[in-house]
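So this one's my_file33.pdb, PDB, C-alpha atoms:
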```
MODEL        1
ATOM      1  CA  MET A   1     -52.013 -21.681  11.853
ATOM      2  CA  ALA A   2     -50.150 -22.205   8.588
ATOM      3  CA  GLU A   3     -49.741 -18.440   8.337
ATOM      4  CA  THR A   4     -48.142 -18.344  11.802
ATOM      5  CA  ARG A   5     -45.611 -21.035  10.853
ATOM      6  CA  GLU A   6     -44.827 -19.190   7.633
ATOM      7  CA  ARG A   7     -44.135 -15.966   9.503
ATOM      8  CA  GLY A   8     -41.988 -17.719  12.046
ATOM      9  CA  ARG A   9     -39.981 -19.685   9.516
ATOM     10  CA  PRO A  10     -36.248 -18.758   9.622
ATOM     11  CA  ARG A  11     -34.625 -17.346   6.531
ATOM     12  CA  ALA A  12     -33.196 -19.972   4.205
ATOM     13  CA  PHE A  13     -29.871 -18.137   3.934
ATOM     14  CA  ASP A  14     -27.198 -16.756   6.220
ATOM     15  CA  PRO A  15     -27.333 -12.928   6.013
ATOM     16  CA  ASP A  16     -23.649 -12.528   6.879
ATOM     17  CA  ALA A  17     -22.597 -15.064   4.252
ATOM     18  CA  ALA A  18     -24.842 -13.295   1.750
ATOM     19  CA  LEU A  19     -23.211  -9.954   2.581
ATOM     20  CA  ASP A  20     -19.750 -11.470   2.178
ATOM     21  CA  ALA A  21     -20.731 -12.826  -1.224
ATOM     22  CA  ALA A  22     -22.117  -9.454  -2.258
ATOM     23  CA  ALA A  23     -18.931  -7.780  -1.062
ATOM     24  CA  ARG A  24     -16.849  -9.796  -3.498
ATOM     25  CA  VAL A  25     -19.132  -8.789  -6.373
ATOM     26  CA  PHE A  26     -18.968  -5.096  -5.461
ATOM     27  CA  TRP A  27     -15.215  -5.394  -4.899
ATOM     28  CA  VAL A  28     -14.539  -6.850  -8.331
ATOM     29  CA  HIS A  29     -17.097  -4.920 -10.394
ATOM     30  CA  GLY A  30     -17.625  -1.724  -8.407
ATOM     31  CA  TYR A  31     -21.048  -0.461  -7.416
ATOM     32  CA  ASP A  32     -22.156   0.490 -10.914
ATOM     33  CA  GLY A  33     -20.763  -2.662 -12.515
ATOM     34  CA  ALA A  34     -22.391  -5.025 -10.033
ATOM     35  CA  SER A  35     -25.724  -6.040 -11.529
ATOM     36  CA  LEU A  36     -28.610  -7.410  -9.504
ATOM     37  CA  THR A  37     -28.226 -10.638 -11.468
ATOM     38  CA  ASP A  38     -24.570 -10.894 -10.390
ATOM     39  CA  LEU A  39     -25.465 -10.088  -6.794
ATOM     40  CA  THR A  40     -28.374 -12.510  -6.427
ATOM     41  CA  ALA A  41     -26.411 -15.296  -8.101
ATOM     42  CA  ALA A  42     -23.464 -14.817  -5.748
ATOM     43  CA  MET A  43     -25.693 -14.483  -2.683
ATOM     44  CA  GLY A  44     -27.816 -17.508  -3.598
ATOM     45  CA  ILE A  45     -31.113 -15.652  -3.296
ATOM     46  CA  ASN A  46     -33.686 -14.165  -5.645
ATOM     47  CA  ARG A  47     -34.485 -10.484  -6.068
ATOM     48  CA  PRO A  48     -37.541 -10.433  -3.782
ATOM     49  CA  SER A  49     -35.428 -12.004  -1.023
ATOM     50  CA  LEU A  50     -32.661  -9.441  -1.586
ATOM     51  CA  TYR A  51     -35.115  -6.555  -1.353
ATOM     52  CA  GLY A  52     -36.880  -8.082   1.623
ATOM     53  CA  ALA A  53     -33.688  -8.696   3.603
ATOM     54  CA  PHE A  54     -31.512  -5.765   2.589
ATOM     55  CA  GLY A  55     -33.683  -3.160   0.881
ATOM     56  CA  SER A  56     -32.419  -1.497  -2.288
ATOM     57  CA  LYS A  57     -29.098  -2.137  -4.023
ATOM     58  CA  GLU A  58     -27.671   0.964  -2.368
ATOM     59  CA  GLU A  59     -28.853  -0.145   1.058
ATOM     60  CA  LEU A  60     -27.274  -3.532   0.426
ATOM     61  CA  PHE A  61     -24.020  -1.823  -0.482
ATOM     62  CA  GLN A  62     -24.062   0.209   2.720
ATOM     63  CA  ARG A  63     -24.666  -2.977   4.728
ATOM     64  CA  VAL A  64     -21.748  -4.604   2.900
ATOM     65  CA  ILE A  65     -19.445  -1.690   3.753
ATOM     66  CA  ALA A  66     -20.504  -1.802   7.406
ATOM     67  CA  ARG A  67     -19.713  -5.515   7.593
ATOM     68  CA  TYR A  68     -16.423  -4.960   5.758
ATOM     69  CA  ALA A  69     -15.444  -2.420   8.411
ATOM     70  CA  GLN A  70     -16.226  -4.944  11.143
ATOM     71  CA  THR A  71     -14.278  -7.777   9.544
ATOM     72  CA  ASP A  72     -11.576  -6.801   7.066
ATOM     73  CA  MET A  73     -10.704  -3.409   8.557
ATOM     74  CA  THR A  74     -10.313  -4.361  12.202
ATOM     75  CA  TYR A  75      -6.580  -3.728  11.773
ATOM     76  CA  ALA A  76      -7.351   0.019  11.786
ATOM     77  CA  GLU A  77      -8.946  -0.241  15.229
ATOM     78  CA  ARG A  78      -5.979  -2.239  16.507
ATOM     79  CA  ALA A  79      -3.623   0.432  15.188
ATOM     80  CA  LEU A  80      -5.461   3.150  17.096
ATOM     81  CA  ASP A  81      -5.000   1.117  20.286
ATOM     82  CA  GLN A  82      -1.194   1.107  20.010
ATOM     83  CA  PRO A  83       0.534   2.787  22.968
ATOM     84  CA  THR A  84       2.407   5.531  21.074
ATOM     85  CA  GLY A  85       1.831   7.669  18.012
ATOM     86  CA  PRO A  86       4.717   6.195  16.015
ATOM     87  CA  ALA A  87       3.484   2.694  16.866
ATOM     88  CA  VAL A  88       0.024   3.674  15.594
ATOM     89  CA  ALA A  89       1.536   4.740  12.266
ATOM     90  CA  ARG A  90       3.638   1.610  11.935
ATOM     91  CA  ALA A  91       0.761  -0.766  12.698
ATOM     92  CA  LEU A  92      -1.565   1.068  10.334
ATOM     93  CA  LEU A  93       0.861   1.077   7.412
ATOM     94  CA  LEU A  94       2.061  -2.501   7.720
ATOM     95  CA  ASP A  95      -1.249  -4.132   8.623
ATOM     96  CA  ASN A  96      -2.947  -2.258   5.791
ATOM     97  CA  ILE A  97      -0.468  -3.798   3.356
ATOM     98  CA  ASP A  98      -1.283  -7.260   4.646
ATOM     99  CA  ALA A  99      -5.007  -6.515   4.279
ATOM    100  CA  VAL A 100      -4.865  -5.237   0.688
ATOM    101  CA  THR A 101      -2.727  -8.178  -0.477
ATOM    102  CA  ARG A 102      -4.619 -11.071   1.131
ATOM    103  CA  SER A 103      -4.730 -14.148  -1.060
ATOM    104  CA  ASP A 104      -8.318 -14.948  -0.027
ATOM    105  CA  ARG A 105      -9.683 -11.544  -1.034
ATOM    106  CA  PRO A 106      -9.652  -9.460  -4.209
ATOM    107  CA  ALA A 107      -6.637  -7.153  -4.200
ATOM    108  CA  GLY A 108      -7.041  -3.663  -2.818
ATOM    109  CA  CYS A 109      -9.717  -2.144  -0.610
ATOM    110  CA  LEU A 110     -13.472  -2.431  -1.043
ATOM    111  CA  THR A 111     -14.092   1.153   0.083
ATOM    112  CA  ILE A 112     -11.934   2.319  -2.832
ATOM    113  CA  GLN A 113     -12.741  -0.299  -5.457
ATOM    114  CA  GLY A 114     -16.441  -0.043  -4.678
ATOM    115  CA  GLY A 115     -16.831   3.291  -6.403
ATOM    116  CA  LEU A 116     -14.638   6.350  -6.851
ATOM    117  CA  ALA A 117     -16.983   7.516  -9.602
ATOM    118  CA  SER A 118     -20.515   6.597 -10.580
ATOM    119  CA  ALA A 119     -23.105   6.826 -13.285
ATOM    120  CA  ASP A 120     -25.778   9.514 -13.239
ATOM    121  CA  GLY A 121     -28.189   8.862 -10.422
ATOM    122  CA  ASN A 122     -25.670   6.987  -8.266
ATOM    123  CA  GLU A 123     -23.667   9.993  -7.057
ATOM    124  CA  THR A 124     -24.495   9.187  -3.441
ATOM    125  CA  VAL A 125     -22.326   6.058  -3.558
ATOM    126  CA  PRO A 126     -18.867   7.683  -4.003
ATOM    127  CA  ALA A 127     -19.994  10.424  -1.612
ATOM    128  CA  PHE A 128     -20.877   7.777   0.982
ATOM    129  CA  LEU A 129     -17.511   6.039   0.536
ATOM    130  CA  GLY A 130     -15.634   9.334   0.649
ATOM    131  CA  GLN A 131     -17.319  10.330   3.883
ATOM    132  CA  SER A 132     -16.529   6.907   5.333
ATOM    133  CA  ARG A 133     -12.836   7.330   4.541
ATOM    134  CA  LEU A 134     -12.807  10.875   5.931
ATOM    135  CA  ALA A 135     -14.416   9.641   9.143
ATOM    136  CA  GLY A 136     -11.555   7.176   9.514
ATOM    137  CA  GLU A 137      -9.066   9.973   8.877
ATOM    138  CA  ARG A 138     -10.652  12.131  11.578
ATOM    139  CA  ARG A 139     -10.412   9.316  14.114
ATOM    140  CA  LEU A 140      -6.762   8.835  13.215
ATOM    141  CA  ALA A 141      -6.122  12.588  13.543
ATOM    142  CA  GLU A 142      -7.714  12.576  16.996
ATOM    143  CA  ARG A 143      -5.479   9.693  18.092
ATOM    144  CA  LEU A 144      -2.367  11.409  16.706
ATOM    145  CA  ALA A 145      -3.338  14.697  18.358
ATOM    146  CA  ARG A 146      -3.422  12.822  21.648
ATOM    147  CA  ALA A 147       0.026  11.425  20.817
ATOM    148  CA  VAL A 148       1.341  14.951  20.234
ATOM    149  CA  ALA A 149      -0.104  16.073  23.567
ATOM    150  CA  GLU A 150       1.508  13.078  25.294
ATOM    151  CA  GLY A 151       4.920  13.931  23.854
ATOM    152  CA  ASP A 152       5.216  11.102  21.307
ATOM    153  CA  PHE A 153       5.895  13.625  18.545
ATOM    154  CA  VAL A 154       7.851  16.862  18.543
ATOM    155  CA  ALA A 155       5.914  19.924  19.643
ATOM    156  CA  GLY A 156       3.986  21.580  16.878
ATOM    157  CA  THR A 157       3.423  18.399  14.847
ATOM    158  CA  ASP A 158       0.305  18.828  12.714
ATOM    159  CA  ALA A 159      -1.710  15.754  13.660
ATOM    160  CA  ALA A 160      -4.351  16.349  10.970
ATOM    161  CA  ALA A 161      -1.733  16.641   8.230
ATOM    162  CA  LEU A 162       0.063  13.525   9.493
ATOM    163  CA  ALA A 163      -3.198  11.572   9.539
ATOM    164  CA  ARG A 164      -3.947  12.687   5.980
ATOM    165  CA  TYR A 165      -0.470  11.671   4.885
ATOM    166  CA  LEU A 166      -0.868   8.196   6.364
ATOM    167  CA  MET A 167      -4.283   7.798   4.764
ATOM    168  CA  VAL A 168      -2.933   8.856   1.384
ATOM    169  CA  VAL A 169      -0.171   6.254   1.660
ATOM    170  CA  THR A 170      -2.499   3.435   2.730
ATOM    171  CA  GLU A 171      -5.063   4.288   0.057
ATOM    172  CA  GLY A 172      -2.295   4.493  -2.537
ATOM    173  CA  HIS A 173      -1.074   1.075  -1.468
ATOM    174  CA  ALA A 174      -4.589  -0.299  -1.968
ATOM    175  CA  VAL A 175      -4.711   1.096  -5.505
ATOM    176  CA  HIS A 176      -1.270  -0.272  -6.356
ATOM    177  CA  ALA A 177      -2.171  -3.686  -4.942
ATOM    178  CA  THR A 178      -4.925  -3.957  -7.544
ATOM    179  CA  ALA A 179      -2.282  -3.357 -10.214
ATOM    180  CA  GLY A 180      -0.298  -6.348  -8.972
ATOM    181  CA  VAL A 181       2.319  -4.582  -6.854
ATOM    182  CA  SER A 182       3.600  -7.158  -4.368
ATOM    183  CA  ARG A 183       3.447  -7.106  -0.590
ATOM    184  CA  ARG A 184       7.245  -6.863  -0.469
ATOM    185  CA  GLN A 185       7.254  -3.835  -2.767
ATOM    186  CA  LEU A 186       4.538  -2.105  -0.785
ATOM    187  CA  ARG A 187       6.447  -2.681   2.442
ATOM    188  CA  ALA A 188       9.472  -0.982   0.893
ATOM    189  CA  SER A 189       7.413   2.153   0.289
ATOM    190  CA  ALA A 190       5.931   1.887   3.790
ATOM    191  CA  ASP A 191       9.473   1.892   5.183
ATOM    192  CA  LEU A 192      10.063   5.221   3.448
ATOM    193  CA  ALA A 193       6.842   6.611   4.875
ATOM    194  CA  LEU A 194       7.925   5.503   8.344
ATOM    195  CA  LEU A 195      11.107   7.505   7.944
ATOM    196  CA  ALA A 196       8.913  10.599   7.721
ATOM    197  CA  VAL A 197       7.050   9.510  10.855
ATOM    198  CA  ASP A 198      10.347   8.856  12.621
ATOM    199  CA  ALA A 199      11.521  12.372  11.763
ATOM    200  CA  LEU A 200       8.545  13.736  13.744
ATOM    201  CA  ALA A 201       8.940  11.376  16.692
ATOM    202  CA  ALA A 202      10.190  12.749  19.979
ATOM    203  CA  PRO A 203      13.597  11.316  20.982
ATOM    204  CA  ALA A 204      12.071   8.962  23.556
ATOM    205  CA  SER A 205       9.384   7.662  21.164
ATOM    206  CA  THR A 206      10.509   5.556  18.207
ATOM    207  CA  VAL A 207       8.684   3.753  15.422
TER     208      VAL A 207
ENDMDL
END
```

As structure tokens:
Amino acid sequence: MAETRERGRPRAFDPDAALDAAARVFWVHGYDGASLTDLTAAMGINRPSLYGAFGSKEELFQRVIARYAQTDMTYAERALDQPTGPAVARALLLDNIDAVTRSDRPAGCLTIQGGLASADGNETVPAFLGQSRLAGERRLAERLARAVAEGDFVAGTDAAALARYLMVVTEGHAVHATAGVSRRQLRASADLALLAVDALAAPASTV
């Protein structure tokens, strides 16, 4: 009977809160720099509980990135839902700036700060993050291709190249945010990027 109660006992921690705490550690220290001691201290659990709830450190990191996509990166989904291609670009650029300069988060983007490089044996981490970013770029390219087909951009616009350009700008903004570049300064560079988007917009479709 005691064994049944033990098995049915709820976890003594909130998994989502634990993931959010782990995200901050990975964000600040990167995957390699985040020790299990740092992670368990931030999450308020011990190592057996971490392994039992989330698996390995790498599995924890992947869970953190998935939650980050569902919380901090919802602006990207909203951008894709904009009615025109130029509006997609504008929402993505400006909302990204707001996201990477939030006062309640570390500066920048977790998918970039988490690990562009890694120590021997952890090569799967930057590969995982790179594939995640490329998946986002492909979705953006698909949405922009639809915008070209609908006449939002001039005929012949390379949707894949435009998507890559926008991703490069947003990722560059995330890197610069970690260096202390202000929201106002990043918006000034976004305005220049939007001039390029505007140059591709069909006359009836403006940014």

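Taking CA of Thr157 in chain A as the reference point, CA of Gly85 in chain A is found at 11.3 Å.
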
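Considering the residues A:Val88, A:Ala190, A:Ala177, A:Val154 and counting all atoms listed in the file, Ala204 in chain A has its shortest atom-to-atom contact with A:Val154.
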
For this session: Convert the output of the PyMOL selection byres ((chain A and resi 193) around 10) on the shown file into explicit residues, formatted as a ChimeraX atom specification.
Result: /A:89-90,93,165-166,169,187-192,194-198

For this session: Can you turn the PyMOL selection byres ((chain A and resi 171-176) around 7) into a concrete residue list for this file, as a ChimeraX atom specification?
Result: /A:97,100,108-109,167-170,177-181,186

Exercise. How would you write, as a PyMOL selection string, the residues chosen by the PyMOL selection byres ((chain A and resi 13-22) around 10) on this structure?
Worked result: chain A and resi 10-12+23-27+34+36+38-45+49-50+53-54+60-61+63-68+71

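For the pair CA of Gln113 in chain A and CA of Gln82 in chain A, the separation is 28.0 Å.
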
Give me the residues of range 31-96 of chain A that have any atom at most 8 Å from an atom of range 118-128 of chain A; for each, the nearest atom pair and the distance in Å, rounded to one decimal. Use only C-alpha atoms, sort by chain and number, and format it as JSON lines.
```
{"residue": "A:Tyr31", "atom": "CA", "partner": "A:Val125", "partner_atom": "CA", "distance": 7.7}
{"residue": "A:Asp32", "atom": "CA", "partner": "A:Ser118", "partner_atom": "CA", "distance": 6.3}
{"residue": "A:Glu58", "atom": "CA", "partner": "A:Val125", "partner_atom": "CA", "distance": 7.5}
```

Serialized selection, C-alpha atoms, as a PDB file, in the coordinates of the input:
```
ATOM      1  CA  TYR A  31     -21.048  -0.461  -7.416  1.00  0.00           C
ATOM      2  CA  ASP A  32     -22.156   0.490 -10.914  1.00  0.00           C
ATOM      3  CA  GLU A  58     -27.671   0.964  -2.368  1.00  0.00           C
TER       4      GLU A  58
END
```

Filled-in all heavy atoms of range 73-84 of chain A, supplied as a PDB file, in the frame of the given file:
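Contents of the output file part35.pdb:
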```pdb
ATOM      1  N   MET A  73     -11.428  -4.618   8.167  1.00  0.00           N
ATOM      2  CA  MET A  73     -10.704  -3.409   8.557  1.00  0.00           C
ATOM      3  C   MET A  73     -10.488  -3.301  10.063  1.00  0.00           C
ATOM      4  O   MET A  73     -10.201  -2.217  10.578  1.00  0.00           O
ATOM      5  CB  MET A  73     -11.436  -2.172   8.037  1.00  0.00           C
ATOM      6  CG  MET A  73     -11.424  -2.062   6.524  1.00  0.00           C
ATOM      7  SD  MET A  73     -11.855  -0.421   5.911  1.00  0.00           S
ATOM      8  CE  MET A  73     -10.430   0.536   6.456  1.00  0.00           C
ATOM      9  N   THR A  74     -10.556  -4.397  10.761  1.00  0.00           N
ATOM     10  CA  THR A  74     -10.313  -4.361  12.202  1.00  0.00           C
ATOM     11  C   THR A  74      -8.873  -3.969  12.523  1.00  0.00           C
ATOM     12  O   THR A  74      -8.586  -3.505  13.626  1.00  0.00           O
ATOM     13  CB  THR A  74     -10.614  -5.722  12.845  1.00  0.00           C
ATOM     14  OG1 THR A  74      -9.882  -6.748  12.144  1.00  0.00           O
ATOM     15  CG2 THR A  74     -12.103  -6.038  12.775  1.00  0.00           C
ATOM     16  N   TYR A  75      -7.973  -4.120  11.542  1.00  0.00           N
ATOM     17  CA  TYR A  75      -6.580  -3.728  11.773  1.00  0.00           C
ATOM     18  C   TYR A  75      -6.485  -2.236  12.084  1.00  0.00           C
ATOM     19  O   TYR A  75      -5.581  -1.804  12.829  1.00  0.00           O
ATOM     20  CB  TYR A  75      -5.712  -4.066  10.554  1.00  0.00           C
ATOM     21  CG  TYR A  75      -5.997  -3.242   9.328  1.00  0.00           C
ATOM     22  CD1 TYR A  75      -5.372  -2.017   9.126  1.00  0.00           C
ATOM     23  CD2 TYR A  75      -6.882  -3.683   8.356  1.00  0.00           C
ATOM     24  CE1 TYR A  75      -5.626  -1.248   7.997  1.00  0.00           C
ATOM     25  CE2 TYR A  75      -7.144  -2.924   7.226  1.00  0.00           C
ATOM     26  CZ  TYR A  75      -6.522  -1.709   7.059  1.00  0.00           C
ATOM     27  OH  TYR A  75      -6.771  -0.959   5.944  1.00  0.00           O
ATOM     28  N   ALA A  76      -7.384  -1.421  11.534  1.00  0.00           N
ATOM     29  CA  ALA A  76      -7.351   0.019  11.786  1.00  0.00           C
ATOM     30  C   ALA A  76      -7.666   0.317  13.253  1.00  0.00           C
ATOM     31  O   ALA A  76      -7.031   1.185  13.868  1.00  0.00           O
ATOM     32  CB  ALA A  76      -8.340   0.737  10.872  1.00  0.00           C
ATOM     33  N   GLU A  77      -8.626  -0.409  13.812  1.00  0.00           N
ATOM     34  CA  GLU A  77      -8.946  -0.241  15.229  1.00  0.00           C
ATOM     35  C   GLU A  77      -7.769  -0.670  16.103  1.00  0.00           C
ATOM     36  O   GLU A  77      -7.452  -0.021  17.097  1.00  0.00           O
ATOM     37  CB  GLU A  77     -10.199  -1.045  15.588  1.00  0.00           C
ATOM     38  CG  GLU A  77     -11.467  -0.545  14.938  1.00  0.00           C
ATOM     39  CD  GLU A  77     -11.840   0.855  15.392  1.00  0.00           C
ATOM     40  OE1 GLU A  77     -11.596   1.170  16.579  1.00  0.00           O
ATOM     41  OE2 GLU A  77     -12.351   1.622  14.569  1.00  0.00           O
ATOM     42  N   ARG A  78      -7.139  -1.773  15.732  1.00  0.00           N
ATOM     43  CA  ARG A  78      -5.979  -2.239  16.507  1.00  0.00           C
ATOM     44  C   ARG A  78      -4.849  -1.218  16.453  1.00  0.00           C
ATOM     45  O   ARG A  78      -4.138  -1.014  17.446  1.00  0.00           O
ATOM     46  CB  ARG A  78      -5.496  -3.590  15.982  1.00  0.00           C
ATOM     47  CG  ARG A  78      -6.469  -4.739  16.221  1.00  0.00           C
ATOM     48  CD  ARG A  78      -5.796  -6.095  16.014  1.00  0.00           C
ATOM     49  NE  ARG A  78      -5.267  -6.237  14.664  1.00  0.00           N
ATOM     50  CZ  ARG A  78      -5.949  -6.726  13.641  1.00  0.00           C
ATOM     51  NH1 ARG A  78      -7.212  -7.103  13.803  1.00  0.00           N
ATOM     52  NH2 ARG A  78      -5.399  -6.853  12.439  1.00  0.00           N
ATOM     53  N   ALA A  79      -4.679  -0.579  15.312  1.00  0.00           N
ATOM     54  CA  ALA A  79      -3.623   0.432  15.188  1.00  0.00           C
ATOM     55  C   ALA A  79      -3.884   1.600  16.134  1.00  0.00           C
ATOM     56  O   ALA A  79      -2.963   2.094  16.797  1.00  0.00           O
ATOM     57  CB  ALA A  79      -3.533   0.928  13.746  1.00  0.00           C
ATOM     58  N   LEU A  80      -5.130   2.033  16.208  1.00  0.00           N
ATOM     59  CA  LEU A  80      -5.461   3.150  17.096  1.00  0.00           C
ATOM     60  C   LEU A  80      -5.209   2.815  18.561  1.00  0.00           C
ATOM     61  O   LEU A  80      -5.019   3.720  19.380  1.00  0.00           O
ATOM     62  CB  LEU A  80      -6.923   3.550  16.905  1.00  0.00           C
ATOM     63  CG  LEU A  80      -7.299   4.135  15.538  1.00  0.00           C
ATOM     64  CD1 LEU A  80      -8.797   4.408  15.487  1.00  0.00           C
ATOM     65  CD2 LEU A  80      -6.512   5.411  15.248  1.00  0.00           C
ATOM     66  N   ASP A  81      -5.207   1.542  18.906  1.00  0.00           N
ATOM     67  CA  ASP A  81      -5.000   1.117  20.286  1.00  0.00           C
ATOM     68  C   ASP A  81      -3.521   0.981  20.657  1.00  0.00           C
ATOM     69  O   ASP A  81      -3.203   0.654  21.807  1.00  0.00           O
ATOM     70  CB  ASP A  81      -5.698  -0.220  20.537  1.00  0.00           C
ATOM     71  CG  ASP A  81      -7.215  -0.085  20.594  1.00  0.00           C
ATOM     72  OD1 ASP A  81      -7.696   1.027  20.873  1.00  0.00           O
ATOM     73  OD2 ASP A  81      -7.912  -1.090  20.353  1.00  0.00           O
ATOM     74  N   GLN A  82      -2.627   1.213  19.709  1.00  0.00           N
ATOM     75  CA  GLN A  82      -1.194   1.107  20.010  1.00  0.00           C
ATOM     76  C   GLN A  82      -0.800   2.175  21.036  1.00  0.00           C
ATOM     77  O   GLN A  82      -1.397   3.251  21.085  1.00  0.00           O
ATOM     78  CB  GLN A  82      -0.372   1.260  18.733  1.00  0.00           C
ATOM     79  CG  GLN A  82      -0.556   0.140  17.726  1.00  0.00           C
ATOM     80  CD  GLN A  82      -0.149  -1.212  18.293  1.00  0.00           C
ATOM     81  OE1 GLN A  82       0.961  -1.371  18.814  1.00  0.00           O
ATOM     82  NE2 GLN A  82      -1.045  -2.183  18.201  1.00  0.00           N
ATOM     83  N   PRO A  83       0.233   1.893  21.837  1.00  0.00           N
ATOM     84  CA  PRO A  83       0.534   2.787  22.968  1.00  0.00           C
ATOM     85  C   PRO A  83       1.145   4.137  22.603  1.00  0.00           C
ATOM     86  O   PRO A  83       1.059   5.083  23.395  1.00  0.00           O
ATOM     87  CB  PRO A  83       1.518   1.956  23.809  1.00  0.00           C
ATOM     88  CG  PRO A  83       2.157   1.023  22.826  1.00  0.00           C
ATOM     89  CD  PRO A  83       1.077   0.683  21.844  1.00  0.00           C
ATOM     90  N   THR A  84       1.788   4.262  21.455  1.00  0.00           N
ATOM     91  CA  THR A  84       2.407   5.531  21.074  1.00  0.00           C
ATOM     92  C   THR A  84       2.006   5.918  19.656  1.00  0.00           C
ATOM     93  O   THR A  84       1.597   5.061  18.857  1.00  0.00           O
ATOM     94  CB  THR A  84       3.949   5.450  21.129  1.00  0.00           C
ATOM     95  OG1 THR A  84       4.418   4.565  20.093  1.00  0.00           O
ATOM     96  CG2 THR A  84       4.432   4.957  22.490  1.00  0.00           C
TER      97      THR A  84
END
```
